[in-house]
$ cat protein.tsv   # TSV, C-alpha atoms
chain	number	residue	atom	x	y	z
A	1	MET	CA	3.26	-40.59	-5.88
A	2	THR	CA	6.38	-38.44	-6.06
A	3	ILE	CA	6.12	-34.99	-7.56
A	4	PRO	CA	8.83	-33.58	-9.84
A	5	PRO	CA	11.66	-31.76	-8.01
A	6	TRP	CA	10.91	-28.36	-9.53
A	7	THR	CA	7.25	-28.64	-8.54
A	8	GLU	CA	8.27	-29.51	-4.97
A	9	VAL	CA	10.56	-26.46	-4.86
A	10	GLN	CA	7.74	-24.22	-6.10
A	11	LEU	CA	5.28	-25.63	-3.57
A	12	ALA	CA	7.74	-25.40	-0.69
A	13	VAL	CA	8.77	-21.83	-1.48
A	14	GLY	CA	5.09	-20.93	-1.88
A	15	GLY	CA	4.39	-22.46	1.52
A	16	ALA	CA	7.36	-20.64	3.03
A	17	LEU	CA	6.10	-17.33	1.63
A	18	ARG	CA	2.61	-17.98	3.02
A	19	LEU	CA	4.13	-18.63	6.42
A	20	ALA	CA	6.16	-15.42	6.10
A	21	CYS	CA	2.81	-13.64	5.77
A	22	GLY	CA	1.52	-15.38	8.91
A	23	ASP	CA	-0.69	-17.83	7.01
A	24	ARG	CA	-0.56	-21.23	8.76
A	25	ARG	CA	-2.09	-22.85	5.69
A	26	GLY	CA	1.42	-22.66	4.24
A	27	LEU	CA	2.22	-25.76	6.31
A	28	GLY	CA	0.16	-27.81	3.87
A	29	PHE	CA	2.66	-27.13	1.08
A	30	PHE	CA	5.45	-29.22	2.60
A	31	ASP	CA	6.24	-32.93	2.56
A	32	ALA	CA	7.08	-33.63	6.21
A	33	SER	CA	8.01	-37.28	5.59
A	34	LEU	CA	11.52	-38.63	6.02
A	35	ASP	CA	12.00	-38.47	2.25
A	36	GLY	CA	10.69	-34.90	2.28
A	37	PHE	CA	13.19	-34.09	5.03
A	38	TRP	CA	16.12	-35.27	2.91
A	39	ARG	CA	14.80	-33.52	-0.19
A	40	SER	CA	14.45	-30.26	1.75
A	41	TYR	CA	18.23	-30.05	1.74
A	42	ARG	CA	17.92	-29.06	-1.91
A	43	ALA	CA	17.22	-25.65	-0.42
A	44	GLY	CA	20.86	-25.55	0.70
A	45	ALA	CA	22.00	-26.13	-2.87
A	46	ILE	CA	19.59	-23.48	-4.16
A	47	CYS	CA	20.79	-20.97	-1.55
A	48	TYR	CA	24.50	-21.64	-2.10
A	49	PRO	CA	24.96	-19.31	-5.13
A	50	PHE	CA	23.23	-16.57	-3.15
A	51	PHE	CA	25.51	-17.33	-0.20
A	52	LEU	CA	28.50	-16.86	-2.53
A	53	LEU	CA	27.05	-13.55	-3.75
A	54	LEU	CA	26.65	-12.39	-0.14
A	55	LEU	CA	30.22	-13.47	0.54
A	56	ILE	CA	31.46	-11.39	-2.39
A	57	LEU	CA	29.45	-8.38	-1.24
A	58	SER	CA	30.58	-8.62	2.39
A	59	THR	CA	34.28	-9.28	1.88
A	60	THR	CA	36.58	-6.33	1.37
A	61	THR	CA	39.18	-6.12	-1.37
A	62	GLN	CA	41.83	-6.08	1.35
A	63	GLU	CA	40.54	-9.37	2.80
A	64	TRP	CA	40.57	-11.00	-0.65
A	65	ASP	CA	44.12	-9.75	-1.24
A	66	ASP	CA	45.46	-10.70	2.21
A	67	THR	CA	43.90	-14.16	2.42
A	68	GLY	CA	43.19	-15.22	-1.11
A	69	ILE	CA	39.94	-15.95	-2.84
A	70	ALA	CA	40.23	-19.75	-2.63
A	71	THR	CA	40.90	-19.77	1.11
A	72	ILE	CA	37.99	-17.50	1.96
A	73	VAL	CA	35.55	-19.35	-0.32
A	74	ILE	CA	36.61	-22.78	0.95
A	75	VAL	CA	36.54	-21.84	4.65
A	76	LYS	CA	33.20	-20.04	4.39
A	77	SER	CA	31.71	-22.85	2.28
A	78	ILE	CA	32.70	-25.44	4.87
A	79	ALA	CA	31.08	-23.30	7.58
A	80	TYR	CA	27.96	-23.07	5.38
A	81	LEU	CA	27.78	-26.86	5.10
A	82	ILE	CA	28.40	-27.33	8.82
A	83	ALA	CA	25.50	-25.00	9.62
A	84	TRP	CA	23.15	-27.07	7.46
A	85	VAL	CA	24.24	-30.26	9.25
A	86	ALA	CA	24.76	-29.01	12.81
A	87	PHE	CA	21.42	-27.28	13.31
A	88	PRO	CA	19.25	-30.41	12.99
A	89	LEU	CA	21.69	-32.34	15.18
A	90	ILE	CA	21.18	-29.74	17.90
A	91	ILE	CA	17.42	-29.42	17.39
A	92	LEU	CA	16.63	-33.15	17.45
A	93	PRO	CA	17.46	-33.63	21.15
A	94	LEU	CA	15.84	-30.28	21.92
A	95	THR	CA	12.57	-31.44	20.35
A	96	GLU	CA	12.83	-34.56	22.49
A	97	TRP	CA	13.30	-32.42	25.61
A	98	LEU	CA	10.32	-30.27	24.56
A	99	ARG	CA	8.27	-33.46	23.98
A	100	ARG	CA	7.83	-32.55	20.32
A	101	LYS	CA	10.06	-35.16	18.69
A	102	GLU	CA	7.19	-36.29	16.45
A	103	ARG	CA	7.20	-32.79	14.93
A	104	PHE	CA	10.95	-32.66	14.27
A	105	LEU	CA	10.69	-33.62	10.59
A	106	SER	CA	7.95	-31.08	9.96
A	107	PHE	CA	9.96	-28.32	11.61
A	108	MET	CA	13.17	-29.14	9.76
A	109	VAL	CA	11.45	-29.40	6.37
A	110	VAL	CA	9.80	-26.01	6.81
A	111	TYR	CA	12.96	-24.50	8.32
A	112	ASN	CA	15.11	-25.72	5.43
A	113	TRP	CA	12.80	-24.50	2.67
A	114	SER	CA	12.30	-21.18	4.48
A	115	GLN	CA	15.97	-20.46	3.97
A	116	ILE	CA	15.27	-19.62	0.31
A	117	PRO	CA	13.09	-16.52	0.92
A	118	GLN	CA	15.34	-15.51	3.81
A	119	MET	CA	18.41	-15.70	1.59
A	120	ALA	CA	16.60	-13.77	-1.14
A	121	LEU	CA	15.81	-11.00	1.34
A	122	SER	CA	19.43	-10.88	2.54
A	123	VAL	CA	20.71	-10.66	-1.04
A	124	LEU	CA	18.26	-7.87	-1.94
A	125	VAL	CA	19.29	-5.82	1.08
A	126	ALA	CA	23.00	-6.44	0.43
A	127	LEU	CA	22.65	-5.48	-3.25
A	128	ASP	CA	20.85	-2.27	-2.31
A	129	GLY	CA	23.71	-1.39	0.03
A	130	ALA	CA	26.45	-2.38	-2.41
A	131	SER	CA	24.88	-0.56	-5.36
A	132	GLY	CA	24.77	2.72	-3.48
A	133	LEU	CA	20.98	2.96	-3.72
A	134	LEU	CA	20.97	3.26	0.03
A	135	ALA	CA	23.25	5.47	2.08
A	136	PRO	CA	25.59	3.42	4.32
A	137	SER	CA	23.54	4.20	7.43
A	138	SER	CA	20.30	3.29	5.63
A	139	ALA	CA	21.87	0.09	4.31
A	140	GLN	CA	22.89	-0.89	7.85
A	141	LEU	CA	19.39	-0.13	9.12
A	142	ALA	CA	17.86	-2.17	6.28
A	143	GLY	CA	20.23	-5.05	7.07
A	144	LEU	CA	19.25	-4.94	10.74
A	145	GLY	CA	15.57	-4.82	9.82
A	146	ALA	CA	15.96	-7.82	7.49
A	147	TYR	CA	17.81	-9.76	10.21
A	148	ILE	CA	15.08	-9.03	12.77
A	149	ALA	CA	12.40	-10.03	10.24
A	150	GLU	CA	14.23	-13.33	9.63
A	151	LEU	CA	14.42	-14.02	13.38
A	152	VAL	CA	10.69	-13.32	13.80
A	153	TYR	CA	9.96	-15.53	10.80
A	154	GLU	CA	11.99	-18.39	12.24
A	155	TRP	CA	10.28	-17.89	15.61
A	156	TYR	CA	6.89	-18.18	13.90
A	157	ILE	CA	7.96	-21.31	12.03
A	158	ALA	CA	9.12	-22.94	15.26
A	159	ARG	CA	5.93	-21.90	17.03
A	160	VAL	CA	3.52	-23.31	14.44
A	161	THR	CA	5.40	-26.42	13.31
A	162	LEU	CA	6.45	-27.60	16.76
A	163	ALA	CA	3.35	-26.26	18.56
A	164	VAL	CA	5.51	-24.81	21.33
A	165	THR	CA	5.20	-21.77	23.55
A	166	ALA	CA	6.54	-18.38	22.51
A	167	ALA	CA	9.47	-18.77	24.91
A	168	GLN	CA	10.32	-22.25	23.60
A	169	ALA	CA	10.25	-20.95	20.02
A	170	MET	CA	12.55	-18.11	21.10
A	171	LEU	CA	14.98	-20.68	22.51
A	172	ILE	CA	15.20	-22.32	19.08
A	173	VAL	CA	15.85	-18.95	17.42
A	174	ILE	CA	18.56	-18.13	19.96
A	175	ILE	CA	20.24	-21.50	19.38
A	176	ASP	CA	20.23	-20.93	15.63
A	177	ALA	CA	21.60	-17.39	15.99
A	178	LEU	CA	24.36	-18.54	18.36
A	179	LEU	CA	25.28	-21.41	16.03
A	180	SER	CA	25.48	-19.01	13.08
A	181	MET	CA	27.54	-16.44	14.97
A	182	GLY	CA	29.85	-19.13	16.33
A	183	LEU	CA	30.48	-20.58	12.88
A	184	VAL	CA	31.16	-17.12	11.42
A	185	TYR	CA	33.60	-16.39	14.25
A	186	ILE	CA	35.42	-19.72	13.81
A	187	ALA	CA	35.54	-19.40	10.02
A	188	GLU	CA	36.89	-15.87	10.13
A	189	SER	CA	39.51	-16.81	12.72
A	190	LEU	CA	40.93	-19.32	10.23
A	191	TYR	CA	42.08	-16.63	7.81
$ encode --input "protein.tsv" --output "structure tokens"
Amino acid sequence: MTIPPWTEVQLAVGGALRLACGDRRGLGFFDASLDGFWRSYRAGAICYPFFLLLLILSTTTQEWDDTGIATIVIVKSIAYLIAWVAFPLIILPLTEWLRRKERFLSFMVVYNWSQIPQMALSVLVALDGASGLLAPSSAQLAGLGAYIAELVYEWYIARVTLAVTAAQAMLIVIIDALLSMGLVYIAESLY
């Protein structure tokens, strides 16, 4: 029996938040089937408006003027889509190498849905910095703290969903961070 989309989103975000608190029972909130895998990409659509908000907050007026709004939004949006597609294509052979291929769907479903609370945290920190509630140095420190928290969260997700060692989970986090940094670098070099 298929549950309504909004109910699945609520369950998945609830599971993601439980995992963020270190509660492994959050794994029971996800549909780790092939259909659940494809539906987990709804998280990308949910996160996209927040991504655009972060883009607005992180792009200077000079960059908008020099490059143009359409160019920046299109280039960054393409990089956003590539990240959502490239990561599982990299992780699938890695799970094979780690002898955890049977856990790939579970990992990707949880990873995808976990992007929603991570994006919410990033937006909250960026809004605090942009609103002037935090001094620039405090905003940078809060941003760094949020980024570290997101890396630890992803490490935990990899550890519990793939049942891998701490070092193997760290490898997955490093791959994701390098992919993200590489895509940002490429996107920004295009304008």
$ residues_around --input "protein.tsv" --residues "Met108 in chain A" --least-positions-apart "2" --cutoff "10 Å" --atoms "only C-alpha atoms" --output "PDB file with C-alpha atoms, in the frame of the given file"
ATOM      1  CA  ALA A  32       7.080 -33.630   6.210  1.00  0.00           C
ATOM      2  CA  GLY A  36      10.690 -34.900   2.280  1.00  0.00           C
ATOM      3  CA  PHE A  37      13.190 -34.090   5.030  1.00  0.00           C
ATOM      4  CA  TRP A  38      16.120 -35.270   2.910  1.00  0.00           C
ATOM      5  CA  SER A  40      14.450 -30.260   1.750  1.00  0.00           C
ATOM      6  CA  TYR A  41      18.230 -30.050   1.740  1.00  0.00           C
ATOM      7  CA  PHE A  87      21.420 -27.280  13.310  1.00  0.00           C
ATOM      8  CA  PRO A  88      19.250 -30.410  12.990  1.00  0.00           C
ATOM      9  CA  ILE A  91      17.420 -29.420  17.390  1.00  0.00           C
ATOM     10  CA  LEU A  92      16.630 -33.150  17.450  1.00  0.00           C
ATOM     11  CA  ARG A 103       7.200 -32.790  14.930  1.00  0.00           C
ATOM     12  CA  PHE A 104      10.950 -32.660  14.270  1.00  0.00           C
ATOM     13  CA  LEU A 105      10.690 -33.620  10.590  1.00  0.00           C
ATOM     14  CA  SER A 106       7.950 -31.080   9.960  1.00  0.00           C
ATOM     15  CA  VAL A 110       9.800 -26.010   6.810  1.00  0.00           C
ATOM     16  CA  TYR A 111      12.960 -24.500   8.320  1.00  0.00           C
ATOM     17  CA  ASN A 112      15.110 -25.720   5.430  1.00  0.00           C
ATOM     18  CA  TRP A 113      12.800 -24.500   2.670  1.00  0.00           C
ATOM     19  CA  SER A 114      12.300 -21.180   4.480  1.00  0.00           C
ATOM     20  CA  ILE A 157       7.960 -21.310  12.030  1.00  0.00           C
ATOM     21  CA  ALA A 158       9.120 -22.940  15.260  1.00  0.00           C
ATOM     22  CA  THR A 161       5.400 -26.420  13.310  1.00  0.00           C
ATOM     23  CA  LEU A 162       6.450 -27.600  16.760  1.00  0.00           C
TER      24      LEU A 162
END
$ closest_residue --input "protein.tsv" --among "A:Ala187, A:Val160, A:Ala142, A:Ala177" --to "Leu19 in chain A" --atoms "all atoms listed in the file"
A:Val160
$ closest_residue --input "protein.tsv" --among "A:Tyr48, A:Ala126, A:Phe30, A:Thr59" --to "Ala79 in chain A" --atoms "all atoms listed in the file"
A:Tyr48
$ atom_distance --input "protein.tsv" --atom1 "CA of Gly132 in chain A" --atom2 "CA of Leu57 in chain A"
12.3 Å
